[in-house]
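> Sharing query34.tsv here; it has TSV, C-alpha atoms.
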```tsv
chain	number	residue	atom	x	y	z
A	1	MET	CA	-74.69	79.41	54.34
A	2	PRO	CA	-70.89	79.23	54.00
A	3	GLU	CA	-68.93	81.04	56.71
A	4	HIS	CA	-67.34	84.30	55.55
A	5	ASP	CA	-63.53	84.05	55.16
A	6	PRO	CA	-61.71	87.39	54.71
A	7	GLU	CA	-58.77	85.61	53.09
A	8	GLN	CA	-61.04	84.23	50.36
A	9	GLU	CA	-61.97	87.86	49.56
A	10	LEU	CA	-58.29	88.90	49.39
A	11	GLY	CA	-57.23	85.89	47.32
A	12	PRO	CA	-57.87	87.43	43.84
A	13	LYS	CA	-56.16	90.67	44.89
A	14	PHE	CA	-53.03	88.80	46.05
A	15	THR	CA	-52.95	86.80	42.83
A	16	ALA	CA	-53.31	89.95	40.70
A	17	ALA	CA	-50.61	91.77	42.71
A	18	LEU	CA	-48.16	88.88	42.25
A	19	HIS	CA	-48.85	88.78	38.50
A	20	ASN	CA	-48.45	92.56	38.15
A	21	GLN	CA	-45.15	92.50	40.04
A	22	ALA	CA	-43.93	89.64	37.89
A	23	ALA	CA	-44.87	91.73	34.81
A	24	GLY	CA	-42.73	94.62	36.05
A	25	GLN	CA	-45.45	96.87	37.37
A	26	THR	CA	-44.08	98.64	40.49
A	27	HIS	CA	-47.17	100.32	41.78
A	28	PRO	CA	-46.85	100.71	45.58
A	29	GLN	CA	-50.17	98.96	46.17
A	30	ASN	CA	-49.06	95.97	44.09
A	31	ILE	CA	-45.75	95.80	45.98
A	32	GLY	CA	-47.51	95.80	49.37
A	33	LEU	CA	-50.06	93.20	48.40
A	34	ALA	CA	-47.39	90.96	46.85
A	35	ARG	CA	-45.28	91.16	50.02
A	36	GLU	CA	-48.30	90.33	52.22
A	37	ALA	CA	-49.17	87.40	49.95
A	38	ARG	CA	-45.65	85.97	50.25
A	39	ARG	CA	-45.71	86.37	54.05
A	40	ARG	CA	-49.00	84.51	54.36
A	41	VAL	CA	-47.88	81.75	52.03
A	42	HIS	CA	-44.69	81.32	54.09
A	43	ARG	CA	-46.64	81.23	57.34
A	44	ARG	CA	-49.02	78.58	56.00
A	45	ARG	CA	-46.11	76.42	54.83
A	46	GLN	CA	-44.59	76.62	58.30
A	47	THR	CA	-47.91	75.58	59.86
A	48	TRP	CA	-48.22	72.65	57.45
A	49	SER	CA	-44.62	71.55	58.15
A	50	ILE	CA	-45.17	71.62	61.91
A	51	ALA	CA	-48.43	69.66	61.59
A	52	ALA	CA	-46.84	67.12	59.28
A	53	GLY	CA	-43.90	66.70	61.67
A	54	ALA	CA	-46.26	66.10	64.58
A	55	VAL	CA	-48.10	63.44	62.59
A	56	LEU	CA	-44.82	61.68	61.73
A	57	VAL	CA	-43.66	61.75	65.36
A	58	ALA	CA	-46.99	60.39	66.58
A	59	ALA	CA	-46.88	57.65	63.97
A	60	ALA	CA	-43.31	56.78	64.92
A	61	ILE	CA	-44.12	56.61	68.64
A	62	GLY	CA	-47.20	54.54	67.94
A	63	GLY	CA	-45.13	52.14	65.87
A	64	VAL	CA	-42.52	51.75	68.61
A	65	TRP	CA	-45.18	51.04	71.23
A	66	SER	CA	-46.87	48.63	68.89
A	67	PHE	CA	-43.58	46.83	68.25
A	68	ALA	CA	-42.69	46.74	71.95
A	69	GLY	CA	-46.14	45.54	72.93
A	70	GLY	CA	-46.14	42.87	70.27
A	71	GLY	CA	-42.66	41.76	71.25
A	72	ALA	CA	-43.59	41.53	74.92
A	73	SER	CA	-46.68	39.55	74.05
A	74	GLN	CA	-44.64	37.27	71.87
A	75	VAL	CA	-42.08	36.71	74.62
A	76	ALA	CA	-44.81	36.10	77.19
A	77	SER	CA	-46.53	33.71	74.83
A	78	SER	CA	-43.25	31.93	74.18
A	79	ASN	CA	-42.53	31.62	77.90
A	80	SER	CA	-46.06	30.39	78.53
A	81	ASN	CA	-45.75	27.79	75.81
A	82	SER	CA	-42.37	26.68	77.08
A	83	SER	CA	-43.71	26.36	80.61
A	84	GLY	CA	-46.68	24.43	79.36
A	85	ASP	CA	-44.49	22.12	77.32
A	86	SER	CA	-42.25	21.49	80.31
A	87	LYS	CA	-45.22	20.62	82.49
A	88	ALA	CA	-46.63	18.36	79.81
A	89	GLU	CA	-43.34	16.55	79.29
A	90	ALA	CA	-42.33	16.31	82.97
A	91	PRO	CA	-44.17	13.03	83.68
A	92	ASN	CA	-42.30	11.31	80.82
A	93	ARG	CA	-38.99	11.71	82.62
A	94	THR	CA	-40.13	9.43	85.45
A	95	GLN	CA	-42.25	6.91	83.59
A	96	GLY	CA	-41.00	3.35	83.75
A	97	LEU	CA	-38.70	3.96	86.75
A	98	ALA	CA	-38.93	1.28	89.45
A	99	PRO	CA	-38.17	1.99	93.14
A	100	SER	CA	-34.44	1.80	93.82
A	101	ASN	CA	-35.04	-0.52	96.79
A	102	GLU	CA	-37.87	-3.02	96.33
A	103	SER	CA	-37.71	-4.18	99.94
A	104	ALA	CA	-38.50	-0.65	101.11
A	105	VAL	CA	-41.82	-0.99	99.27
A	106	ALA	CA	-42.52	-4.67	99.99
A	107	GLY	CA	-41.43	-4.61	103.65
A	108	CYS	CA	-41.92	-7.67	105.82
A	109	PRO	CA	-45.24	-9.43	105.18
A	110	VAL	CA	-47.26	-9.83	108.34
A	111	ASP	CA	-48.71	-13.12	107.13
A	112	HIS	CA	-45.54	-14.79	105.86
A	113	PRO	CA	-45.44	-18.45	104.64
A	114	ILE	CA	-42.87	-19.32	107.32
A	115	LEU	CA	-45.60	-19.01	109.95
A	116	LYS	CA	-47.43	-22.04	108.50
A	117	ALA	CA	-44.50	-23.95	106.96
A	118	PRO	CA	-44.08	-27.60	108.08
A	119	GLY	CA	-40.31	-27.19	108.34
A	120	PRO	CA	-37.39	-24.76	107.99
A	121	ASP	CA	-36.64	-25.84	104.42
A	122	ALA	CA	-40.23	-25.53	103.14
A	123	LEU	CA	-39.72	-22.32	101.17
A	124	PRO	CA	-42.32	-21.82	98.40
A	125	ALA	CA	-40.96	-22.80	94.99
A	126	GLY	CA	-38.98	-20.09	93.25
A	127	THR	CA	-38.61	-17.87	96.33
A	128	GLY	CA	-35.27	-19.17	97.65
A	129	LEU	CA	-32.05	-17.26	96.94
A	130	ASP	CA	-29.34	-18.72	94.74
A	131	VAL	CA	-26.31	-17.59	96.73
A	132	ASN	CA	-24.41	-16.89	93.50
A	133	THR	CA	-26.95	-14.22	92.53
A	134	PRO	CA	-25.89	-10.57	93.12
A	135	VAL	CA	-28.03	-8.80	95.71
A	136	THR	CA	-28.71	-5.07	96.08
A	137	GLY	CA	-30.44	-4.83	99.45
A	138	LEU	CA	-31.74	-6.76	102.44
A	139	ARG	CA	-34.62	-6.64	104.88
A	140	ALA	CA	-34.41	-8.99	107.85
A	141	CYS	CA	-37.81	-10.03	109.24
A	142	ARG	CA	-38.17	-11.72	112.63
A	143	TYR	CA	-41.26	-13.86	113.25
A	144	GLY	CA	-42.65	-15.50	116.38
A	145	PHE	CA	-44.42	-18.90	116.47
A	146	ALA	CA	-45.96	-18.77	119.93
A	147	GLU	CA	-49.43	-20.25	120.39
A	148	GLY	CA	-52.03	-17.86	119.06
A	149	GLY	CA	-49.59	-16.55	116.45
A	150	THR	CA	-47.27	-13.75	117.49
A	151	GLY	CA	-46.45	-12.92	113.85
A	152	LEU	CA	-43.97	-10.21	112.94
A	153	LEU	CA	-41.70	-9.30	115.87
A	154	GLY	CA	-39.29	-6.90	114.16
A	155	GLN	CA	-37.58	-5.85	110.96
A	156	GLU	CA	-34.40	-4.07	109.89
A	157	SER	CA	-33.13	-2.86	106.51
A	158	PHE	CA	-29.56	-3.11	105.18
A	159	ASN	CA	-27.79	-1.61	102.18
A	160	ALA	CA	-26.37	-3.45	99.17
A	161	ALA	CA	-22.89	-3.81	100.64
A	162	THR	CA	-24.12	-5.43	103.86
A	163	ALA	CA	-26.60	-7.60	101.95
A	164	GLN	CA	-23.85	-8.94	99.71
A	165	GLN	CA	-21.56	-9.48	102.69
A	166	VAL	CA	-24.26	-11.59	104.40
A	167	VAL	CA	-24.60	-13.77	101.29
A	168	ASN	CA	-20.83	-14.10	100.96
A	169	GLU	CA	-20.56	-15.26	104.57
A	170	ILE	CA	-23.34	-17.83	104.15
A	171	LYS	CA	-22.30	-19.42	100.85
A	172	VAL	CA	-18.90	-20.54	102.18
A	173	LEU	CA	-20.41	-22.35	105.17
A	174	PRO	CA	-20.59	-26.15	105.39
A	175	GLU	CA	-23.95	-27.89	105.45
A	176	ARG	CA	-23.79	-28.38	109.21
A	177	ASN	CA	-22.00	-26.89	112.17
A	178	VAL	CA	-20.60	-29.97	113.86
A	179	LYS	CA	-19.76	-28.02	117.00
A	180	LEU	CA	-23.42	-27.50	117.80
A	181	PRO	CA	-24.99	-30.11	120.09
A	182	VAL	CA	-27.63	-32.53	118.92
A	183	PHE	CA	-30.68	-32.10	121.09
A	184	LYS	CA	-33.28	-34.69	121.92
A	185	CYS	CA	-36.54	-33.13	122.93
A	186	ALA	CA	-40.23	-33.84	123.15
A	187	PRO	CA	-42.28	-33.04	120.06
A	188	GLN	CA	-44.20	-30.32	121.85
A	189	VAL	CA	-41.03	-28.30	122.37
A	190	ALA	CA	-39.24	-29.30	119.18
A	191	LYS	CA	-40.74	-26.48	117.13
A	192	PRO	CA	-38.85	-23.16	117.36
A	193	SER	CA	-40.45	-20.20	119.10
A	194	GLU	CA	-39.15	-17.82	116.44
A	195	ALA	CA	-37.13	-17.54	113.20
A	196	ILE	CA	-35.78	-14.91	110.82
A	197	VAL	CA	-36.48	-14.47	107.11
A	198	LEU	CA	-33.79	-12.70	105.06
A	199	ARG	CA	-35.45	-10.98	102.08
A	200	PHE	CA	-32.86	-10.00	99.46
A	201	ASP	CA	-33.35	-7.61	96.56
A	202	THR	CA	-32.20	-9.09	93.23
A	203	ALA	CA	-32.70	-8.25	89.56
A	204	ALA	CA	-35.37	-10.97	89.42
A	205	GLY	CA	-37.22	-9.68	92.50
A	206	ILE	CA	-37.14	-10.60	96.20
A	207	ARG	CA	-35.48	-13.90	97.09
A	208	GLU	CA	-35.29	-15.37	100.60
A	209	ILE	CA	-33.16	-17.34	103.04
A	210	TRP	CA	-34.81	-18.68	106.19
A	211	VAL	CA	-32.75	-18.74	109.41
A	212	GLU	CA	-33.53	-21.25	112.17
A	213	TYR	CA	-31.79	-21.00	115.56
A	214	ASP	CA	-34.31	-22.16	118.16
A	215	GLY	CA	-36.17	-25.36	119.05
A	216	CYS	CA	-34.46	-28.68	118.56
A	217	GLN	CA	-35.44	-29.78	115.05
A	218	SER	CA	-32.62	-28.18	113.06
A	219	ALA	CA	-30.57	-25.04	112.77
A	220	GLY	CA	-28.96	-23.16	109.90
A	221	PHE	CA	-29.61	-21.11	106.76
A	222	PHE	CA	-32.17	-22.58	104.33
A	223	THR	CA	-32.66	-21.59	100.68
A	224	GLY	CA	-35.17	-24.28	99.76
A	225	THR	CA	-32.59	-26.16	97.70
A	226	HIS	CA	-29.60	-26.05	100.02
A	227	THR	CA	-28.84	-25.93	103.74
A	228	TYR	CA	-25.90	-24.12	105.36
A	229	GLY	CA	-24.87	-24.68	108.96
A	230	LEU	CA	-25.52	-22.09	111.65
A	231	PHE	CA	-22.41	-19.97	112.36
A	232	SER	CA	-21.92	-16.64	114.08
A	233	ALA	CA	-20.20	-14.69	111.27
A	234	PRO	CA	-23.31	-13.96	109.14
A	235	LEU	CA	-25.57	-13.67	112.21
A	236	LYS	CA	-23.57	-10.72	113.54
A	237	LEU	CA	-24.25	-8.76	110.33
A	238	PHE	CA	-28.06	-8.71	110.55
A	239	MET	CA	-29.04	-9.66	114.12
A	240	THR	CA	-29.36	-6.04	115.27
A	241	GLY	CA	-32.10	-3.82	116.64
A	242	SER	CA	-35.56	-5.36	116.61
A	243	VAL	CA	-34.26	-8.40	114.70
A	244	ARG	CA	-31.88	-9.45	117.49
A	245	PRO	CA	-33.48	-12.23	119.58
A	246	SER	CA	-32.98	-12.50	123.30
A	247	GLY	CA	-31.71	-16.05	122.87
A	248	GLY	CA	-32.43	-19.45	121.35
A	249	THR	CA	-31.52	-23.10	121.75
A	250	TYR	CA	-28.71	-23.05	119.20
A	251	LEU	CA	-27.78	-19.41	119.77
A	252	ASP	CA	-27.04	-20.19	123.38
A	253	ALA	CA	-24.75	-22.96	122.20
A	254	LEU	CA	-22.89	-20.64	119.77
A	255	LYS	CA	-22.21	-18.07	122.52
A	256	ASP	CA	-20.37	-15.59	120.23
A	257	TRP	CA	-23.30	-14.50	118.05
```
Can you turn what I pasted into structure tokens?


Amino acid sequence: MPEHDPEQELGPKFTAALHNQAAGQTHPQNIGLAREARRRVHRRRQTWSIAAGAVLVAAAIGGVWSFAGGGASQVASSNSNSSGDSKAEAPNRTQGLAPSNESAVAGCPVDHPILKAPGPDALPAGTGLDVNTPVTGLRACRYGFAEGGTGLLGQESFNAATAQQVVNEIKVLPERNVKLPVFKCAPQVAKPSEAIVLRFDTAAGIREIWVEYDGCQSAGFFTGTHTYGLFSAPLKLFMTGSVRPSGGTYLDALKDW
């Protein structure tokens, strides 16, 4: 059963009173009812206006929050994508880059060919340095030949400037240092007790010069295709630290090394 609404009961009376007043009837009852009808209509319009305003405000606030939330999500998504792209692309920036100093990676081989070579000029083919080739680094490796195989005795690294200076000092030397004595010795003591391998960094890879200064077979700088006499000037540049020997047959004769 519909709920009773007093205003529904008064509705026809208000309508009749408004019509009568509009027709010019000035009965006091009509005037009172017409005034009450106008008051109620005005009050309802105010209520509707307030409700409609509240709905508009709520909709506006909801729209702002929606826009702000969407914007923040979009920014976060953009940042996430950018970060992901950066991580994905990062490895490409280093691909194909070789170490700046190859000797730092290669080091001095423990089992170097010089340990089994028949002579100081027996460098493996293609490994000797052409002294006219630019060099970018140097590692000096000192090896011992004592019975039982002493192997690697020491090593030192040098920068490009020192490496090039060593080459420049060697390439102007004559084939033999005539001031060094010629030794005559028994075969069992002719072989040197130690030697140094100079491993130079070049654009084509590591290239070597072997340095002999002990025993009584020969002395000098050997590239495999050329021999340079043993002089003190280049020796002073790399015979340092663990690469500096305590002495040697030809070193003792040089005296100023």

> Between atom CA of A:Gly224 and atom CA of A:Asp130, what is the spacing in Å?

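According to the coordinates, atom CA of A:Asp130 and atom CA of A:Gly224 are separated by 9.5 Å.
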
> I want to know what sits within 6 Å of stretch 157-170 of chain A, based on all atoms listed in the file, with residues of the same chain fewer than 3 positions away left out; could you give that as a PDB file with C-alpha atoms, in the frame of the given file?


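Once everything was written out, this is around-v7.pdb:
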```pdb
ATOM      1  CA  VAL A 135     -28.030  -8.800  95.710  1.00  0.00           C
ATOM      2  CA  THR A 136     -28.710  -5.070  96.080  1.00  0.00           C
ATOM      3  CA  GLY A 137     -30.440  -4.830  99.450  1.00  0.00           C
ATOM      4  CA  LEU A 138     -31.740  -6.760 102.440  1.00  0.00           C
ATOM      5  CA  ARG A 139     -34.620  -6.640 104.880  1.00  0.00           C
ATOM      6  CA  LEU A 173     -20.410 -22.350 105.170  1.00  0.00           C
ATOM      7  CA  PRO A 234     -23.310 -13.960 109.140  1.00  0.00           C
TER       8      PRO A 234
END
```

> Within 9 Å of stretch 249-252 of chain A, counting all atoms listed in the file, which residues show up once you throw out same-chain ones fewer than 3 positions away? Write them as a list in words, please.

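Counting only the stated atoms, we get Leu180, Pro181, Pro192, Glu212, Tyr213, Asp214, Gly215, Cys216, Ser218, Ala219, Leu230, Ser232, Lys255, Asp256 and Trp257 of chain A.
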
> Calculate how many Å separate atom CA of A:Pro109 from atom CA of A:Met239, rounding to one decimal.

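Distance reported for this atom pair: 18.5 Å.
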
> Smallest atom-to-atom distance to A:Gly107: which of A:Ala186, A:Cys141, A:Val178, A:Ile196, using only C-alpha atoms?

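Result for the nearest residue to A:Gly107: A:Cys141.
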
> Taking (-37.1, -11.0, 97.0) in the file's coordinates as the center, which residues reach within 9 Å of it, counting only C-alpha atoms, put as a compact mmCIF listing (two decimals) with C-alpha atoms, in the coordinates of the input?


```txt
# COMPACT_ATOMS: atom_id res chain seq x y z
CA GLU A 102 -37.87 -3.02 96.33
CA SER A 103 -37.71 -4.18 99.94
CA ALA A 106 -42.52 -4.67 99.99
CA THR A 127 -38.61 -17.87 96.33
CA GLY A 128 -35.27 -19.17 97.65
CA LEU A 129 -32.05 -17.26 96.94
CA LEU A 138 -31.74 -6.76 102.44
CA LEU A 198 -33.79 -12.70 105.06
CA ARG A 199 -35.45 -10.98 102.08
CA PHE A 200 -32.86 -10.00 99.46
CA ASP A 201 -33.35 -7.61 96.56
CA THR A 202 -32.20 -9.09 93.23
CA ALA A 204 -35.37 -10.97 89.42
CA GLY A 205 -37.22 -9.68 92.50
CA ILE A 206 -37.14 -10.60 96.20
CA ARG A 207 -35.48 -13.90 97.09
CA GLU A 208 -35.29 -15.37 100.60
```
